[in-house]
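What follows is a set of notes on a single structure, which appears directly below.
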Amino acid sequence: MKDNIYSLMGISDELFQFSEKTLSSLEDRFKEIDKTAEYNQMKVISAMQKNRVDAACFAESTGYGYNDMGRDTLERVYADCFGTEDALVRPQITCGTHALSLALSANLRPGDELLSPAGKPYDTLEGVIGIRSSPGSLAEYGVTYRQVDLLPDDSFDYDKIREAINDKTKLVTIQRSKGYQTRETFSVEKIAKLIKFVKGIKPDVICMVDNCYGEFVERLEPSNFGADMIVGSLIKNLGGGLAPSGGYICGTKECIENCGWRLTAPGLGKEVGTNMGLMRQFYQGLFMAPSVVAGALKGAIFAANIYERLGFRCVPNSTESRHDIIQAVELESPERLIAFCKGIQAAAPVDSYVTPVPGDMPGYESEVIMAAGAFVQGSSIELSADAPLREPYAVYFQGGITWHHAKLGILKSVQEMLNENLINIEKLKEK
């Protein structure tokens, strides 16, 4: 591109030229992302064709939702996509935390113990588990919790995991993505090795993977390697930017049946639940998901390459393999963190005029700043960034339903810091 079309969005010529030089080195990596998207696209189409999806599947159901063909077919499609016996895919699941809470509470009983072999889970799960006191937590129902922290190199401490597994250990939860930590995201290969290790010690233990942000990033999923449940939100990867709500749990017949009882009521289970007229968005979102995830991955890699060249630590770094769509950047000051989020907000198609500010959020211990001008509220497959205001002031960037929107968001975040003199413009000229 000869002309700086991004000047319409306030991007300086210096920053644009800097970004184009960066982008020219990423062609081969982008081709590999497209190959993975192609593989996953065929996987989705195959599952839809196998289960004979037709226009009748998009019909709205009401009331109890008895005999909802679209809902039941969609769950078979998900099970086939992820290589599981069954699935629960419902608009009544409000978010990823709700889906995880549902899966845990459905499969744990008083006296059981929950083990996290990857350290402390995501902030919003602290109240669910009872790490932070909260009404209705698992702790209130007599479920105990134990965790094994990661080793300094972010690998699993297998010796301590072996020691931690005991007669009470009923469920092991593995968080694939980093959450608000600057550790690496676990690859499917590493998760598969951990599951095999755990099952070798206690074969009947339930292994659950928080799969949020990781779906379709690789060609295989944790469920292809022995995970009893994988769990996520439809306003992340699998909704493809079209699902306005919902969550999913894919897994063994027994685990999913338990989740059905917990979602509705004992004796009712998966047989009830209106689809709220969302079937077309759910099917089409899943169909679009491989391409949407590919765009988000390109944005994450572009972000890492830009910010590393500006002197900031990125997790993953600019050359590492990718196992989720999230890019963490350690910005080293609250001022840069806030400016980054202001730039992301200014790139949004919705609420671009809004200025994000830090504040208290339900489920979070620290003040949090969030930038998102999304068509679906809270949709983190759309262009967004968020962060707790605590050292090392790392921001977590994700999404962009299209690659070009992700690119704009990154450029606006840098431009905002340039405008506020938080980055020296000479850094652009040095590279």
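Residues in the structure tokens are numbered from 1 in each chain, the chains being A, B, ... in the order shown, and ligands are numbered from 1 in the order shown.
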
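The list of residues with at least one atom within 9 Å of A:Leu408, based on only C-alpha atoms and without residues fewer than 2 positions apart in the same chain, reads Tyr6, Met9, Ile11, Ile344, Ala347, Trp403, His404, His405, Ala406, Ile410, Leu411, Lys412 and Ser413 of chain A.
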
Could you turn the residues from that selection into a file that holds N, CA and C atoms, as a PDB file, in the first residue's frame?
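Result went into again_36.pdb, see below:
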ATOM      1  N   TYR A   6      -4.428   4.735   6.679  1.00  0.00           N
ATOM      2  CA  TYR A   6      -4.692   4.808   8.116  1.00  0.00           C
ATOM      3  C   TYR A   6      -4.582   6.239   8.652  1.00  0.00           C
ATOM      4  N   MET A   9      -7.547   7.578  10.191  1.00  0.00           N
ATOM      5  CA  MET A   9      -7.810   7.175  11.573  1.00  0.00           C
ATOM      6  C   MET A   9      -6.799   7.777  12.540  1.00  0.00           C
ATOM      7  N   ILE A  11      -3.388   7.871  12.218  1.00  0.00           N
ATOM      8  CA  ILE A  11      -2.093   7.192  12.319  1.00  0.00           C
ATOM      9  C   ILE A  11      -1.052   7.995  11.537  1.00  0.00           C
ATOM     10  N   ILE A 344      -7.134   1.386  21.820  1.00  0.00           N
ATOM     11  CA  ILE A 344      -7.996   0.283  21.380  1.00  0.00           C
ATOM     12  C   ILE A 344      -9.440   0.754  21.290  1.00  0.00           C
ATOM     13  N   ALA A 347     -10.270   2.790  18.290  1.00  0.00           N
ATOM     14  CA  ALA A 347     -10.306   2.045  17.023  1.00  0.00           C
ATOM     15  C   ALA A 347     -11.621   1.307  16.818  1.00  0.00           C
ATOM     16  N   TRP A 403      -8.732  -9.307  10.583  1.00  0.00           N
ATOM     17  CA  TRP A 403      -7.325  -8.977  10.780  1.00  0.00           C
ATOM     18  C   TRP A 403      -7.081  -7.478  10.659  1.00  0.00           C
ATOM     19  N   HIS A 404      -7.739  -6.831   9.700  1.00  0.00           N
ATOM     20  CA  HIS A 404      -7.477  -5.415   9.468  1.00  0.00           C
ATOM     21  C   HIS A 404      -7.941  -4.559  10.646  1.00  0.00           C
ATOM     22  N   HIS A 405      -9.004  -4.984  11.314  1.00  0.00           N
ATOM     23  CA  HIS A 405      -9.437  -4.233  12.497  1.00  0.00           C
ATOM     24  C   HIS A 405      -8.436  -4.424  13.636  1.00  0.00           C
ATOM     25  N   ALA A 406      -7.914  -5.642  13.784  1.00  0.00           N
ATOM     26  CA  ALA A 406      -6.885  -5.883  14.796  1.00  0.00           C
ATOM     27  C   ALA A 406      -5.662  -5.010  14.529  1.00  0.00           C
ATOM     28  N   ILE A 410      -3.977  -2.038  17.110  1.00  0.00           N
ATOM     29  CA  ILE A 410      -2.590  -1.976  17.560  1.00  0.00           C
ATOM     30  C   ILE A 410      -1.961  -0.627  17.197  1.00  0.00           C
ATOM     31  N   LEU A 411      -2.183  -0.182  15.982  1.00  0.00           N
ATOM     32  CA  LEU A 411      -1.615   1.106  15.569  1.00  0.00           C
ATOM     33  C   LEU A 411      -2.174   2.258  16.406  1.00  0.00           C
ATOM     34  N   LYS A 412      -3.463   2.209  16.712  1.00  0.00           N
ATOM     35  CA  LYS A 412      -4.061   3.277  17.531  1.00  0.00           C
ATOM     36  C   LYS A 412      -3.498   3.254  18.951  1.00  0.00           C
ATOM     37  N   SER A 413      -3.206   2.048  19.472  1.00  0.00           N
ATOM     38  CA  SER A 413      -2.662   1.973  20.838  1.00  0.00           C
ATOM     39  C   SER A 413      -1.276   2.610  20.892  1.00  0.00           C
TER      40      SER A 413
END

query = Which residues come within 9 Å of A:Ile174, counting only C-alpha atoms, excluding same-chain residues fewer than 2 positions away, as a PyMOL selection string?
reply = chain A and resi 115-118+121+172+176+191+207-211

message = Under the rule that only C-alpha atoms are counted, which of A:Ser61, A:Asn305, A:Ser7, A:Thr94 is the nearest residue to A:Lys21?
response =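 Going through A:Ser61, A:Asn305, A:Ser7, A:Thr94 one by one, the smallest distance to A:Lys21 is for A:Asn305.
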
task = Return the single residue from A:Gly70, A:Pro110, A:Gly241, A:Gly119 that is closest to A:Gly142, with distances computed using only C-alpha atoms.
result =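 When distances to A:Gly142 are compared using only C-alpha atoms, the smallest one comes from A:Pro110.
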
Selected residue, from A:Pro203, A:Gly251, A:Pro135, A:Pro152, that lies nearest to A:Arg76 when counting only C-alpha atoms =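 Smallest separation from A:Arg76 among the options: A:Gly251.
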
query = If you measure from atom CA of A:Asp204 to atom CA of A:Leu114, what distance in Å do you get, rounded to one decimal?
reply = 13.6 Å

request  = Can you check which residues of stretch 234-422 of chain A DSSP gives as alpha helix (DSSP H) on the backbone and send them as a ChimeraX atom specification?
outcome  = /A:253-263,279-309,334-346,403-419

ask   = Got a sec: who's within 8 Å of stretch 218-231 of chain A, counting only C-alpha atoms, leaving out chain neighbours fewer than 6 positions off, as a PyMOL selection string?
value = chain A and resi 36+39-40+82-84+96+99-100+103+188+191-192+195-196+206-212+247-252+255+323

request  = Using DSSP on the backbone, list every residue of stretch 271-368 of chain A that comes out as strand (DSSP E or B), and give them as a PyMOL selection string.
outcome  = chain A and resi 313-315+327-330+359+368

May I have the residues from that selection written out with C-alpha atoms, as a CSV table (one decimal), in the first residue's frame?
chain,number,residue,atom,x,y,z
A,313,ARG,CA,8.4,-7.5,26.9
A,314,CYS,CA,5.7,-9.5,25.2
A,315,VAL,CA,4.2,-12.8,26.2
A,327,GLN,CA,-1.2,-11.1,23.6
A,328,ALA,CA,0.2,-9.8,26.8
A,329,VAL,CA,2.4,-6.7,26.7
A,330,GLU,CA,4.2,-5.4,29.9
A,359,GLY,CA,-12.6,0.9,38.0
A,368,VAL,CA,-9.5,-3.2,36.1

inquiry  = Residues near A:Tyr158, anyone? I mean within 10 Å using only C-alpha atoms, not counting same-chain ones fewer than 2 positions away, as a list in words.
reply    =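 Counting only the stated atoms, we get Pro117, Val148, Leu150, Leu151, Ser155, Phe156, Lys160, Ile161, Arg162, Glu163, Ala164, Leu194, Phe197 and Val198 of chain A.
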
request  = Give me the residues within 12 Å of A:Val293 as an MDAnalysis selection string, counting only C-alpha atoms and dropping any in the same chain fewer than 3 places off.
outcome  = chainID A and resid 33:34 36:38 40:41 213:218 236:241 285:290 296:300 322:326 380:383 398:403 406

task = Name the residues in contact with A:Phe340 at a cut-off of 7 Å, using only C-alpha atoms, excluding same-chain residues fewer than 3 positions from it; report them as a list in words.
result =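 Near neighbours after the sequence-gap exclusion: Arg336, Leu337, Gly343, Ile344, Ser413, Val414, Glu416 and Met417 of chain A.
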
Serialized selection, N, CA and C atoms, as a PDB file, in the first residue's frame:
ATOM      1  N   ARG A 336       0.991   4.243  30.566  1.00  0.00           N
ATOM      2  CA  ARG A 336       1.035   3.560  29.266  1.00  0.00           C
ATOM      3  C   ARG A 336      -0.125   2.565  29.147  1.00  0.00           C
ATOM      4  N   LEU A 337      -0.429   1.886  30.231  1.00  0.00           N
ATOM      5  CA  LEU A 337      -1.522   0.916  30.227  1.00  0.00           C
ATOM      6  C   LEU A 337      -2.843   1.583  29.866  1.00  0.00           C
ATOM      7  N   GLY A 343      -6.341   3.797  23.080  1.00  0.00           N
ATOM      8  CA  GLY A 343      -6.135   3.596  21.644  1.00  0.00           C
ATOM      9  C   GLY A 343      -7.009   2.489  21.091  1.00  0.00           C
ATOM     10  N   ILE A 344      -7.134   1.386  21.820  1.00  0.00           N
ATOM     11  CA  ILE A 344      -7.996   0.283  21.380  1.00  0.00           C
ATOM     12  C   ILE A 344      -9.440   0.754  21.290  1.00  0.00           C
ATOM     13  N   SER A 413      -3.206   2.048  19.472  1.00  0.00           N
ATOM     14  CA  SER A 413      -2.662   1.973  20.838  1.00  0.00           C
ATOM     15  C   SER A 413      -1.276   2.610  20.892  1.00  0.00           C
ATOM     16  N   VAL A 414      -0.464   2.360  19.861  1.00  0.00           N
ATOM     17  CA  VAL A 414       0.872   2.981  19.807  1.00  0.00           C
ATOM     18  C   VAL A 414       0.743   4.491  19.599  1.00  0.00           C
ATOM     19  N   GLU A 416      -1.617   6.499  20.458  1.00  0.00           N
ATOM     20  CA  GLU A 416      -2.070   7.167  21.677  1.00  0.00           C
ATOM     21  C   GLU A 416      -0.895   7.423  22.625  1.00  0.00           C
ATOM     22  N   MET A 417       0.011   6.450  22.725  1.00  0.00           N
ATOM     23  CA  MET A 417       1.181   6.639  23.591  1.00  0.00           C
ATOM     24  C   MET A 417       2.141   7.680  23.011  1.00  0.00           C
TER      25      MET A 417
END

Residue nearest A:Asn275 - candidates A:Pro316, A:Gly295, A:Pro362, A:Gly246, atoms counted: only C-alpha atoms =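 Closest residue, counting only C-alpha atoms: A:Gly246.
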
query = Taking into account only C-alpha atoms, which residue in the set A:Ala294, A:Met48, A:Leu263, A:Leu15 is nearest to A:Glu32?
reply =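 Ranking A:Ala294, A:Met48, A:Leu263, A:Leu15 by distance to A:Glu32, first place goes to A:Ala294.
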
ask   = Which one is closest to A:Asp167: A:Thr182, A:Val205, A:Glu320, A:Pro388? Count only C-alpha atoms.
value =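 The closest residue to A:Asp167 is A:Val205.
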